[in-house]
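Heads up, run-v3.cif below (mmCIF, C-alpha atoms):
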```
data_model
#
loop_
_atom_site.label_atom_id
_atom_site.label_comp_id
_atom_site.auth_asym_id
_atom_site.auth_seq_id
_atom_site.Cartn_x
_atom_site.Cartn_y
_atom_site.Cartn_z
CA MET W 1 -158.29 -53.48 91.82
CA GLU W 2 -158.08 -53.72 88.05
CA ASN W 3 -156.40 -50.33 87.82
CA ILE W 4 -153.84 -51.33 90.44
CA THR W 5 -152.76 -54.31 88.32
CA LYS W 6 -152.62 -52.20 85.18
CA GLN W 7 -150.51 -49.56 86.93
CA LYS W 8 -148.17 -52.21 88.33
CA ILE W 9 -147.63 -53.59 84.82
CA ILE W 10 -146.91 -50.08 83.51
CA ASP W 11 -144.44 -49.25 86.30
CA SER W 12 -142.62 -52.58 85.97
CA ALA W 13 -142.40 -52.24 82.20
CA ILE W 14 -140.91 -48.73 82.43
CA THR W 15 -138.33 -49.86 85.01
CA LEU W 16 -137.28 -52.87 82.96
CA PHE W 17 -137.24 -50.99 79.65
CA ASN W 18 -134.94 -48.39 81.21
CA THR W 19 -132.47 -50.98 82.48
CA LYS W 20 -132.57 -53.75 79.87
CA GLY W 21 -133.99 -51.85 76.89
CA TYR W 22 -137.37 -52.47 75.28
CA SER W 23 -136.36 -55.41 73.13
CA GLY W 24 -134.19 -56.85 75.91
CA THR W 25 -137.21 -57.19 78.21
CA SER W 26 -139.67 -60.09 78.00
CA VAL W 27 -143.37 -60.07 78.87
CA ARG W 28 -142.57 -62.78 81.40
CA GLU W 29 -140.10 -60.51 83.22
CA ILE W 30 -142.65 -57.69 83.32
CA SER W 31 -145.35 -59.95 84.76
CA LYS W 32 -142.87 -61.30 87.32
CA MET W 33 -141.86 -57.84 88.53
CA ALA W 34 -145.50 -56.68 88.55
CA LYS W 35 -146.40 -59.83 90.53
CA THR W 36 -149.21 -60.60 88.13
CA ASN W 37 -150.09 -63.16 85.47
CA VAL W 38 -148.88 -62.87 81.85
CA SER W 39 -152.53 -63.09 80.79
CA ASN W 40 -153.19 -59.74 82.50
CA ILE W 41 -150.67 -58.09 80.19
CA SER W 42 -152.50 -59.60 77.21
CA TYR W 43 -155.80 -58.42 78.67
CA TYR W 44 -154.74 -54.79 79.06
CA PHE W 45 -152.21 -54.34 76.27
CA MET W 46 -152.44 -57.30 73.86
CA ASN W 47 -148.66 -57.80 73.91
CA LYS W 48 -145.33 -56.03 74.50
CA ALA W 49 -145.75 -53.87 71.39
CA GLY W 50 -149.19 -52.81 72.62
CA LEU W 51 -147.69 -51.87 75.97
CA GLN W 52 -144.98 -49.83 74.27
CA GLU W 53 -147.55 -48.04 72.10
CA TYR W 54 -149.70 -47.34 75.16
CA LEU W 55 -146.74 -45.79 77.01
CA ILE W 56 -145.68 -43.60 74.10
CA THR W 57 -149.17 -42.39 73.17
CA SER W 58 -150.30 -41.71 76.73
CA PHE W 59 -147.07 -39.74 77.34
CA PHE W 60 -147.69 -37.54 74.30
CA ASP W 61 -151.46 -37.22 74.89
CA SER W 62 -150.85 -35.55 78.25
CA TYR W 63 -147.85 -33.64 76.86
CA LEU W 64 -150.02 -32.10 74.15
CA ASN W 65 -152.74 -31.32 76.68
CA VAL W 66 -150.26 -29.12 78.55
CA LEU W 67 -149.35 -27.34 75.31
CA GLU W 68 -153.00 -26.95 74.31
CA GLU W 69 -153.80 -25.32 77.67
CA GLY W 70 -150.93 -22.88 77.26
CA TYR W 71 -152.01 -22.16 73.70
CA GLN W 72 -155.51 -21.27 74.88
CA GLN W 73 -154.01 -18.67 77.24
CA LEU W 74 -152.48 -16.86 74.24
CA LYS W 75 -155.81 -15.08 73.81
CA THR W 76 -155.42 -13.23 77.09
CA MET W 77 -151.70 -13.39 78.01
CA ALA W 78 -148.57 -11.90 76.44
CA PRO W 79 -146.75 -14.53 74.32
CA LYS W 80 -143.60 -14.46 76.46
CA GLU W 81 -145.44 -14.97 79.76
CA CYS W 82 -147.60 -17.61 78.12
CA MET W 83 -144.59 -19.51 76.80
CA VAL W 84 -142.70 -19.28 80.11
CA MET W 85 -145.76 -20.62 81.94
CA THR W 86 -146.16 -23.49 79.44
CA VAL W 87 -142.50 -24.46 79.71
CA LYS W 88 -142.79 -24.56 83.52
CA LEU W 89 -145.91 -26.75 83.35
CA LEU W 90 -144.25 -29.04 80.82
CA MET W 91 -141.15 -29.44 82.99
CA GLN W 92 -143.43 -30.26 85.94
CA TYR W 93 -145.19 -32.88 83.82
CA HIS W 94 -141.85 -34.42 82.81
CA LYS W 95 -140.67 -34.43 86.40
CA GLU W 96 -143.78 -36.30 87.51
CA HIS W 97 -143.27 -38.91 84.78
CA ARG W 98 -139.50 -38.86 84.54
CA HIS W 99 -138.97 -42.60 84.02
CA LEU W 100 -141.65 -42.72 81.34
CA ALA W 101 -140.17 -39.61 79.70
CA ARG W 102 -136.75 -41.26 79.56
CA PHE W 103 -138.17 -44.36 77.93
CA VAL W 104 -140.28 -42.42 75.41
CA TYR W 105 -137.48 -40.04 74.41
CA ARG W 106 -135.13 -42.97 73.89
CA GLU W 107 -137.64 -44.99 71.85
CA ILE W 108 -138.44 -42.15 69.47
CA THR W 109 -134.80 -42.12 68.34
CA LEU W 110 -135.39 -45.50 66.70
CA ASP W 111 -136.39 -45.74 63.06
CA THR W 112 -139.64 -47.74 63.30
CA VAL W 113 -143.19 -47.51 61.90
CA LEU W 114 -144.55 -46.51 65.34
CA VAL W 115 -141.97 -43.73 65.63
CA ARG W 116 -142.83 -42.39 62.16
CA GLU W 117 -146.47 -42.22 63.24
CA VAL W 118 -145.53 -40.34 66.41
CA MET W 119 -143.58 -37.85 64.27
CA SER W 120 -146.43 -37.20 61.87
CA THR W 121 -149.11 -36.87 64.55
CA TYR W 122 -147.96 -35.84 68.03
CA LEU W 123 -144.71 -34.11 67.14
CA THR W 124 -146.21 -32.28 64.18
CA LYS W 125 -148.96 -31.01 66.45
CA GLU W 126 -146.38 -29.99 69.05
CA LYS W 127 -144.55 -28.03 66.32
CA PHE W 128 -147.83 -26.20 65.58
CA TYR W 129 -148.16 -25.08 69.22
CA TRP W 130 -144.59 -23.86 69.67
CA LYS W 131 -144.79 -22.03 66.36
CA ALA W 132 -148.03 -20.37 67.49
CA PHE W 133 -146.35 -18.95 70.61
CA LEU W 134 -143.37 -17.63 68.68
CA GLU W 135 -145.34 -16.30 65.73
CA GLU W 136 -147.63 -14.42 68.09
CA GLY W 137 -144.49 -12.99 69.72
CA LYS W 138 -143.23 -11.97 66.28
CA ARG W 139 -146.57 -10.39 65.36
CA GLN W 140 -146.46 -8.35 68.55
CA LYS W 141 -142.85 -7.37 67.74
CA GLU W 142 -141.59 -8.98 70.95
CA LEU W 143 -139.26 -11.47 69.30
CA GLN W 144 -135.53 -11.16 68.64
CA ALA W 145 -134.32 -11.73 65.08
CA ILE W 146 -134.24 -15.52 65.46
CA SER W 147 -135.04 -18.56 63.35
CA ILE W 148 -138.31 -20.00 64.70
CA PRO W 149 -137.52 -23.64 63.74
CA MET W 150 -134.02 -23.47 65.27
CA THR W 151 -135.45 -21.92 68.43
CA ILE W 152 -137.99 -24.72 68.82
CA VAL W 153 -135.30 -27.35 68.28
CA HIS W 154 -133.12 -25.61 70.85
CA LEU W 155 -135.99 -25.43 73.35
CA LYS W 156 -136.86 -29.09 72.85
CA SER W 157 -133.26 -30.15 73.42
CA MET W 158 -133.29 -28.32 76.75
CA ILE W 159 -136.64 -29.74 77.83
CA SER W 160 -135.69 -33.35 77.13
CA MET W 161 -132.08 -33.25 78.42
CA PRO W 162 -132.64 -33.72 82.19
CA PHE W 163 -134.98 -36.66 81.63
CA LEU W 164 -133.38 -38.47 78.70
CA GLN W 165 -129.89 -37.97 80.15
CA ALA W 166 -130.93 -38.31 83.80
CA GLN W 167 -128.16 -40.78 84.49
CA TYR W 168 -125.46 -38.57 83.00
CA LEU W 169 -126.70 -35.65 85.09
CA ALA W 170 -126.86 -37.73 88.26
CA GLU W 171 -123.49 -39.48 87.93
CA VAL W 172 -121.35 -36.77 86.36
CA TRP W 173 -122.94 -33.65 87.87
CA HIS W 174 -124.76 -35.04 90.94
CA TYR W 175 -127.82 -33.27 89.59
CA MET W 176 -131.15 -34.97 90.33
CA PRO W 177 -133.94 -33.81 88.06
CA TYR W 178 -136.58 -35.02 90.51
CA GLU W 179 -135.37 -32.74 93.28
CA GLN W 180 -137.25 -29.48 93.53
CA ASN W 181 -134.14 -27.29 93.88
CA ALA W 182 -132.29 -28.80 90.96
CA MET W 183 -135.37 -28.58 88.78
CA GLU W 184 -135.90 -24.92 89.68
CA GLN W 185 -132.30 -24.11 88.78
CA TYR W 186 -132.71 -25.87 85.46
CA ASN W 187 -136.04 -24.14 84.71
CA LYS W 188 -134.44 -20.81 85.54
CA MET W 189 -131.81 -21.48 82.86
CA ILE W 190 -134.45 -22.20 80.20
CA ILE W 191 -136.53 -19.18 81.18
CA GLU W 192 -133.52 -16.85 81.16
CA TRP W 193 -132.67 -18.11 77.70
CA LEU W 194 -136.26 -17.48 76.54
CA GLU W 195 -136.26 -14.00 78.05
CA GLN W 196 -132.81 -12.95 76.89
CA SER W 197 -132.22 -14.76 73.60
CA VAL W 198 -135.67 -15.44 72.17
CA PHE W 199 -137.92 -12.62 73.32
CA ALA W 200 -136.64 -9.07 73.21
CA SER W 201 -136.23 -7.27 76.51
CA PRO W 202 -138.14 -3.96 76.79
CA SER W 203 -134.87 -2.01 76.54
CA TYR W 204 -134.36 -3.57 73.13
CA HIS W 205 -137.26 -1.51 71.82
CA GLN W 206 -136.41 1.74 73.51
CA PRO W 207 -133.33 3.48 72.14
CA LEU W 208 -131.21 5.00 74.88
CA ALA W 209 -132.12 8.63 75.52
CA LEU W 210 -128.69 10.18 75.28
CA MET A 1 -109.25 -57.43 53.45
CA GLU A 2 -109.56 -58.05 57.19
CA ASN A 3 -110.35 -54.41 57.82
CA ILE A 4 -113.06 -54.42 55.15
CA THR A 5 -114.87 -57.26 56.92
CA LYS A 6 -114.51 -55.54 60.30
CA GLN A 7 -115.87 -52.28 58.90
CA LYS A 8 -118.80 -54.08 57.25
CA ILE A 9 -119.70 -55.69 60.57
CA ILE A 10 -119.54 -52.29 62.31
CA ASP A 11 -121.69 -50.56 59.67
CA SER A 12 -124.28 -53.34 59.62
CA ALA A 13 -124.46 -53.41 63.41
CA ILE A 14 -125.04 -49.63 63.62
CA THR A 15 -127.77 -49.77 60.98
CA LEU A 16 -129.57 -52.65 62.66
CA PHE A 17 -129.17 -51.22 66.17
CA ASN A 18 -130.75 -47.96 64.96
CA THR A 19 -133.77 -49.67 63.44
CA LYS A 20 -134.40 -52.67 65.71
CA GLY A 21 -132.60 -51.56 68.85
CA TYR A 22 -129.49 -53.18 70.35
CA SER A 23 -131.24 -56.02 72.15
CA GLY A 24 -133.65 -56.56 69.25
CA THR A 25 -130.77 -57.34 66.89
CA SER A 26 -129.12 -60.77 66.70
CA VAL A 27 -125.52 -61.55 65.78
CA ARG A 28 -126.92 -63.68 62.97
CA GLU A 29 -128.74 -60.67 61.46
CA ILE A 30 -125.56 -58.59 61.66
CA SER A 31 -123.50 -61.24 59.93
CA LYS A 32 -126.19 -61.65 57.26
CA MET A 33 -126.29 -57.94 56.48
CA ALA A 34 -122.48 -57.71 56.54
CA LYS A 35 -122.35 -60.74 54.19
CA THR A 36 -119.85 -62.43 56.47
CA ASN A 37 -119.69 -65.43 58.77
CA VAL A 38 -120.84 -65.28 62.42
CA SER A 39 -117.37 -66.52 63.40
CA ASN A 40 -115.88 -63.26 62.08
CA ILE A 41 -117.94 -61.32 64.60
CA SER A 42 -116.59 -63.57 67.34
CA TYR A 43 -113.07 -63.08 66.01
CA TYR A 44 -113.19 -59.28 66.05
CA PHE A 45 -115.57 -58.55 68.90
CA MET A 46 -116.13 -61.72 70.93
CA ASN A 47 -119.93 -61.24 70.91
CA LYS A 48 -122.69 -58.65 70.57
CA ALA A 49 -121.79 -57.06 73.91
CA GLY A 50 -118.18 -56.76 72.76
CA LEU A 51 -119.33 -55.09 69.56
CA GLN A 52 -121.47 -52.63 71.55
CA GLU A 53 -118.57 -51.82 73.86
CA TYR A 54 -116.27 -51.32 70.87
CA LEU A 55 -118.73 -48.88 69.25
CA ILE A 56 -119.24 -46.85 72.42
CA THR A 57 -115.58 -46.67 73.44
CA SER A 58 -114.29 -45.88 69.96
CA PHE A 59 -116.88 -43.12 69.64
CA PHE A 60 -115.79 -41.51 72.91
CA ASP A 61 -112.06 -42.06 72.30
CA SER A 62 -112.19 -39.91 69.18
CA TYR A 63 -114.62 -37.48 70.83
CA LEU A 64 -112.18 -36.87 73.67
CA ASN A 65 -109.30 -36.50 71.20
CA VAL A 66 -111.13 -33.55 69.65
CA LEU A 67 -111.63 -31.98 73.09
CA GLU A 68 -108.00 -32.63 74.07
CA GLU A 69 -106.77 -30.87 70.91
CA GLY A 70 -108.97 -27.86 71.65
CA TYR A 71 -107.78 -27.85 75.26
CA GLN A 72 -104.14 -27.72 74.13
CA GLN A 73 -104.92 -24.57 72.13
CA LEU A 74 -106.01 -22.79 75.33
CA LYS A 75 -102.33 -21.98 75.90
CA THR A 76 -102.21 -19.70 72.88
CA MET A 77 -105.82 -18.81 72.01
CA ALA A 78 -108.51 -16.80 73.79
CA PRO A 79 -110.96 -19.12 75.60
CA LYS A 80 -113.97 -18.02 73.54
CA GLU A 81 -112.26 -18.60 70.17
CA CYS A 82 -110.84 -21.86 71.45
CA MET A 83 -114.25 -23.10 72.59
CA VAL A 84 -115.98 -22.02 69.37
CA MET A 85 -113.32 -23.86 67.34
CA THR A 86 -113.68 -27.01 69.48
CA VAL A 87 -117.48 -27.01 69.15
CA LYS A 88 -117.16 -26.73 65.36
CA LEU A 89 -114.68 -29.62 65.22
CA LEU A 90 -116.90 -31.71 67.48
CA MET A 91 -119.97 -31.08 65.32
CA GLN A 92 -117.93 -32.07 62.27
CA TYR A 93 -116.90 -35.29 64.03
CA HIS A 94 -120.54 -36.05 64.91
CA LYS A 95 -121.64 -35.34 61.35
CA GLU A 96 -119.06 -37.78 59.99
CA HIS A 97 -120.26 -40.47 62.41
CA ARG A 98 -123.91 -39.53 62.70
CA HIS A 99 -125.34 -43.07 62.77
CA LEU A 100 -122.82 -44.15 65.38
CA ALA A 101 -123.51 -40.99 67.40
CA ARG A 102 -127.23 -41.73 67.42
CA PHE A 103 -126.63 -45.27 68.64
CA VAL A 104 -124.17 -44.22 71.34
CA TYR A 105 -126.30 -41.35 72.66
CA ARG A 106 -129.31 -43.65 72.86
CA GLU A 107 -127.40 -46.45 74.62
CA ILE A 108 -125.95 -44.19 77.30
CA THR A 109 -129.50 -43.39 78.48
CA LEU A 110 -129.80 -46.99 79.70
CA ASP A 111 -128.94 -47.90 83.26
CA THR A 112 -126.28 -50.59 82.74
CA VAL A 113 -122.81 -51.41 84.09
CA LEU A 114 -121.19 -50.37 80.80
CA VAL A 115 -123.00 -47.03 80.88
CA ARG A 116 -121.87 -46.39 84.46
CA GLU A 117 -118.30 -47.00 83.35
CA VAL A 118 -118.69 -44.58 80.45
CA MET A 119 -119.99 -41.95 82.89
CA SER A 120 -117.11 -42.32 85.31
CA THR A 121 -114.39 -42.35 82.65
CA TYR A 122 -115.20 -40.65 79.32
CA LEU A 123 -117.92 -38.30 80.47
CA THR A 124 -116.08 -37.26 83.60
CA LYS A 125 -113.06 -36.46 81.46
CA GLU A 126 -115.25 -34.52 79.05
CA LYS A 127 -116.57 -32.50 82.01
CA PHE A 128 -112.96 -31.65 82.90
CA TYR A 129 -112.29 -30.22 79.42
CA TRP A 130 -115.45 -28.12 79.16
CA LYS A 131 -114.85 -26.78 82.67
CA ALA A 132 -111.29 -25.85 81.69
CA PHE A 133 -112.51 -23.72 78.77
CA LEU A 134 -115.09 -21.95 80.88
CA GLU A 135 -112.90 -21.49 83.93
CA GLU A 136 -110.19 -19.97 81.80
CA GLY A 137 -112.86 -17.62 80.40
CA LYS A 138 -113.86 -16.72 83.95
CA ARG A 139 -110.24 -16.15 84.99
CA GLN A 140 -109.79 -13.80 82.04
CA LYS A 141 -113.07 -12.05 83.02
CA GLU A 142 -114.62 -12.91 79.67
CA LEU A 143 -117.55 -14.89 81.04
CA GLN A 144 -121.08 -13.76 81.79
CA ALA A 145 -122.46 -14.44 85.28
CA ILE A 146 -123.46 -18.01 84.46
CA SER A 147 -123.46 -21.38 86.19
CA ILE A 148 -120.64 -23.42 84.64
CA PRO A 149 -122.32 -26.83 85.19
CA MET A 150 -125.65 -25.63 83.74
CA THR A 151 -123.85 -24.12 80.76
CA ILE A 152 -122.07 -27.40 80.00
CA VAL A 153 -125.34 -29.34 80.27
CA HIS A 154 -126.98 -26.82 77.95
CA LEU A 155 -124.11 -27.06 75.45
CA LYS A 156 -124.18 -30.85 75.50
CA SER A 157 -127.93 -30.91 74.87
CA MET A 158 -127.41 -28.76 71.78
CA ILE A 159 -124.48 -30.85 70.49
CA SER A 160 -126.31 -34.17 70.76
CA MET A 161 -129.77 -33.02 69.56
CA PRO A 162 -129.31 -33.17 65.75
CA PHE A 163 -127.76 -36.63 65.92
CA LEU A 164 -129.81 -38.33 68.64
CA GLN A 165 -133.05 -36.81 67.32
CA ALA A 166 -132.06 -36.97 63.62
CA GLN A 167 -135.35 -38.58 62.69
CA TYR A 168 -137.43 -35.96 64.47
CA LEU A 169 -135.49 -33.20 62.72
CA ALA A 170 -135.82 -34.87 59.33
CA GLU A 171 -139.50 -35.75 59.51
CA VAL A 172 -140.92 -32.81 61.43
CA TRP A 173 -138.58 -30.02 60.26
CA HIS A 174 -137.13 -31.44 57.01
CA TYR A 175 -133.74 -30.67 58.51
CA MET A 176 -130.93 -33.03 57.50
CA PRO A 177 -127.96 -32.87 59.86
CA TYR A 178 -125.66 -34.42 57.26
CA GLU A 179 -126.25 -31.58 54.78
CA GLN A 180 -123.61 -28.88 54.90
CA ASN A 181 -126.08 -25.97 54.84
CA ALA A 182 -128.29 -27.31 57.61
CA MET A 183 -125.26 -28.11 59.75
CA GLU A 184 -123.83 -24.62 59.28
CA GLN A 185 -127.13 -23.05 60.32
CA TYR A 186 -127.21 -25.24 63.42
CA ASN A 187 -123.56 -24.49 64.29
CA LYS A 188 -124.29 -20.79 63.90
CA MET A 189 -127.03 -21.10 66.52
CA ILE A 190 -124.70 -22.76 69.05
CA ILE A 191 -121.93 -20.27 68.39
CA GLU A 192 -124.24 -17.27 68.74
CA TRP A 193 -125.44 -18.68 72.03
CA LEU A 194 -121.82 -19.11 73.20
CA GLU A 195 -120.93 -15.59 72.11
CA GLN A 196 -124.03 -13.85 73.46
CA SER A 197 -125.11 -15.82 76.51
CA VAL A 198 -121.96 -17.49 77.80
CA PHE A 199 -119.07 -15.21 76.95
CA ALA A 200 -119.43 -11.50 77.47
CA SER A 201 -119.31 -9.27 74.42
CA PRO A 202 -116.60 -6.56 74.48
CA SER A 203 -119.29 -3.90 75.05
CA TYR A 204 -120.17 -5.66 78.29
CA HIS A 205 -116.82 -4.58 79.74
CA GLN A 206 -116.80 -1.03 78.52
CA PRO A 207 -119.37 1.21 80.16
CA LEU A 208 -120.96 3.57 77.67
CA ALA A 209 -119.13 6.88 77.45
CA LEU A 210 -122.06 9.22 77.91
#
```
In C-alpha cells, what does this structure look like?
Amino acid sequence: MENITKQKIIDSAITLFNTKGYSGTSVREISKMAKTNVSNISYYFMNKAGLQEYLITSFFDSYLNVLEEGYQQLKTMAPKECMVMTVKLLMQYHKEHRHLARFVYREITLDTVLVREVMSTYLTKEKFYWKAFLEEGKRQKELQAISIPMTIVHLKSMISMPFLQAQYLAEVWHYMPYEQNAMEQYNKMIIEWLEQSVFASPSYHQPLAL
Amino acid sequence: MENITKQKIIDSAITLFNTKGYSGTSVREISKMAKTNVSNISYYFMNKAGLQEYLITSFFDSYLNVLEEGYQQLKTMAPKECMVMTVKLLMQYHKEHRHLARFVYREITLDTVLVREVMSTYLTKEKFYWKAFLEEGKRQKELQAISIPMTIVHLKSMISMPFLQAQYLAEVWHYMPYEQNAMEQYNKMIIEWLEQSVFASPSYHQPLAL
C-alpha cells in the first residue's frame, strides 16, 4: 500500500514536470494528481527538491548498473559486441522509463548545485565505463582512428535524443520511441554507426589480396 | 538607448532561465538583474510568457534563415558541399548564441501549446530543408543507402548536443563549445560523419579496376 502511494507520487510528479516544468509545478498539484495527501510527499521525499533529487539519482543509479553489467562482460566478450549489447540494454532501460528520462535529461541542462554533483559523480563514472569499452577496443586494435572523447559525446547525443526530444520526434516525424519497431530502427542506426565508424570492420585489417 | 534596455532584459532573462529554470524565475528578478524597471519588461514583451516566446521565435527565425541560405546554394553547389557549408554556418550561429540555444533546446522538450506551435511551424520547415539537401544528394546518386529521417534526427542530435549539454561537456570533458579549437574539433566530427556515413565517397561509385 505504501509503495503504491509512493509510485503514484513519482508518476504524477514526472507527468507534471514534463508539462509545466519542475519549478512551475507545486507540491499541491502533485498530491492532487496522485490523489494523496501533501503530508505523504513530505513523508517520502521531504519536499519538491527531495523528490527531484530522488528522480535524478534513481534514474542514474539504474543507468550505471546497466553500464556496470556490460563492463563486467568485457572480460569474456569482444569490446565491440560488448558495447553493442550495452547500448541495446541502455536503450531498453530508457524506453521503459521514457518520461523519467526526458525529465532527467532536461534538468541536467540547468546550472544548479544538484546538477554539478550529478556531473562529478554519475556522469564521471559513466565516462569511465564508456572509455573502458573503447580503450579495450583500441588495445585489441579493433578501433578506427577516432577521438575517444568525441565518440562518447556522439554516442550520448544519440542515446538521449529519442527521449529528450520525444515530442519533436512524435510531432515532426511521427516517430514514437516507445514503439518496438521505431526503437529497433533507431537502435539499428546507432549500432551501424558503432560498427562502421567506431570499430574497424574485419576488412579494414586485411589488405586486399590483389 | 531603448535597444540597450531591451538587450539587457533579454540577456538577464537567458541567464536566469538557465540557472533557475523558466518557471523558477520571476519578472522582478529579471528586471533587477537587468537594472531596469518591471514596466520596461511589460513594454517590450508584455509578460514573462511573451519574453519566452520572443526568445524561442527569434532563435528559430535566424536558424531557419541560415538553412534557407544554404538551400538557395543547392542550385549551384553539390549537395554534399552545400550541406557541409550549412552545418558549419549553423554551428557558428549556435556558438554565437549558445546561452539562448541552451534555453530554447531545453524549453522545446516541454509539452506545451507554444512548443506544439514551434513543432508545426519552425521544425516542420527545418525538416523540409534538411530533406531537400539529402533528396538532392539521392537524386544525384551521391547518397549512401541510408534512411533520410533517421539521418536528419542523427544530425540534429549532434548539432544540439554541445549547446544543450554545455555543462556536461565542460565539467566532465573540459570541452568548451565557445572556444574556437574545441568547436572546430566538434565540427570536424560532424563533417566526417556526413562525408563517410551519409554521402558516398567517390571510390564508392568506382569499382576497383583489378
Atom CA of Val115 of chain A sits from atom CA of Tyr168 of chain W at a separation of 9.1 Å
| said: If the PyMOL selection byres ((chain A and resi 123-133) around 9) were run on this exact file, what residues would it hold? Put them as a VMD selection string. | reply: (chain W and resid 168 171 to 173) or (chain A and resid 60 63 to 64 67 to 68 70 to 71 74 79 to 80 82 to 83 118 to 122 134 to 138 148 to 149 152)
Exercise for the section: Convert the output of the PyMOL selection byres ((chain A and resi 12) around 9) on the shown file into explicit residues, formatted as a PyMOL selection string. Expected result: chain A and resi 7-11+13-17+29-34
Enclose segment 74-85 of chain W, meaning all of its atoms listed in the file, in a box aligned along x, y and z, pad it by 8 Å on each side, and list the centre and edge lengths in Å to one decimal, as AutoDock Vina command-line options.
```
--center_x -149.3 --center_y -16.3 --center_z 77.9 --size_x 29.1 --size_y 24.7 --size_z 24.1
```
Hey, what's within 8 Å of His99 of chain W if we count all atoms listed in the file and toss same-chain stuff fewer than 2 positions away? As an NGL selection string, please?
:W and (14-15 or 18 or 97 or 101-103 or 163)
Can you list, as a ChimeraX atom specification, the residues that the PyMOL selection byres ((chain A and resi 37-45) around 8) selects here? /A:5-6,9,27-28,31-32,35-36,46-48,50-51,54
Computed gap from atom CA of Met150 of chain W to atom CA of Lys20 of chain A is 29.2 Å
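Minimum atom-to-atom distances from A:Arg106, A:Lys141, A:Lys188, A:His174 to chain W were compared using only C-alpha atoms, and the lowest value belongs to A:Arg106.
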Interatomic distance, atom CA of Glu179 of chain W to atom CA of Val153 of chain W (Å, one decimal):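 One can read the atom CA of Glu179 of chain W to atom CA of Val153 of chain W distance as 25.6 Å.
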In terms of only C-alpha atoms, the residue from W:Gln144, W:Glu192, W:Gln167, W:Ser197 at minimal distance from Arg98 of chain W is W:Gln167
Could you check which of W:Gln92, W:Thr57, W:Gln52, W:Ser62 is closest to Glu184 of chain W, using only C-alpha atoms?
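Using only C-alpha atoms, Glu184 of chain W sits closest to W:Gln92.
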- Task: Identify, on the basis of only C-alpha atoms, every residue whose closest approach to Trp193 of chain W does not exceed 10 Å; exclude the query and any residue fewer than 6 positions from it along the same chain; express the result as a ChimeraX atom specification.
- Result: /W:155,187,199 /A:193,197
Would you mind exporting C-alpha atoms of the selected residues as an mmCIF file, keeping the file's coordinate frame?
```
data_model
loop_
_atom_site.group_PDB
_atom_site.id
_atom_site.type_symbol
_atom_site.label_atom_id
_atom_site.label_comp_id
_atom_site.auth_asym_id
_atom_site.auth_seq_id
_atom_site.Cartn_x
_atom_site.Cartn_y
_atom_site.Cartn_z
ATOM 1 C CA LEU W 155 -135.990 -25.430 73.350
ATOM 2 C CA ASN W 187 -136.040 -24.140 84.710
ATOM 3 C CA PHE W 199 -137.920 -12.620 73.320
ATOM 4 C CA TRP A 193 -125.440 -18.680 72.030
ATOM 5 C CA SER A 197 -125.110 -15.820 76.510
#
```
Item to check | Counting all atoms listed in the file, the residue of A:Thr76, A:Thr19, A:Thr86, A:Gln140 that sits nearest chain W | outcome: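 Looking only at the distances to chain W, the closest residue turns out to be A:Thr19.
Take the candidates A:Met161, A:Ala200, A:Leu55, A:Ala170 and check each one against chain W using all atoms listed in the file; the shortest distance goes to A:Met161.
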Q | Residue with smallest distance to chain W - pool A:Ala49, A:Ala78, A:Ala166, A:Ala145, counting all atoms listed in the file | A |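 Ranked by minimum distance to chain W, first place goes to A:Ala166.
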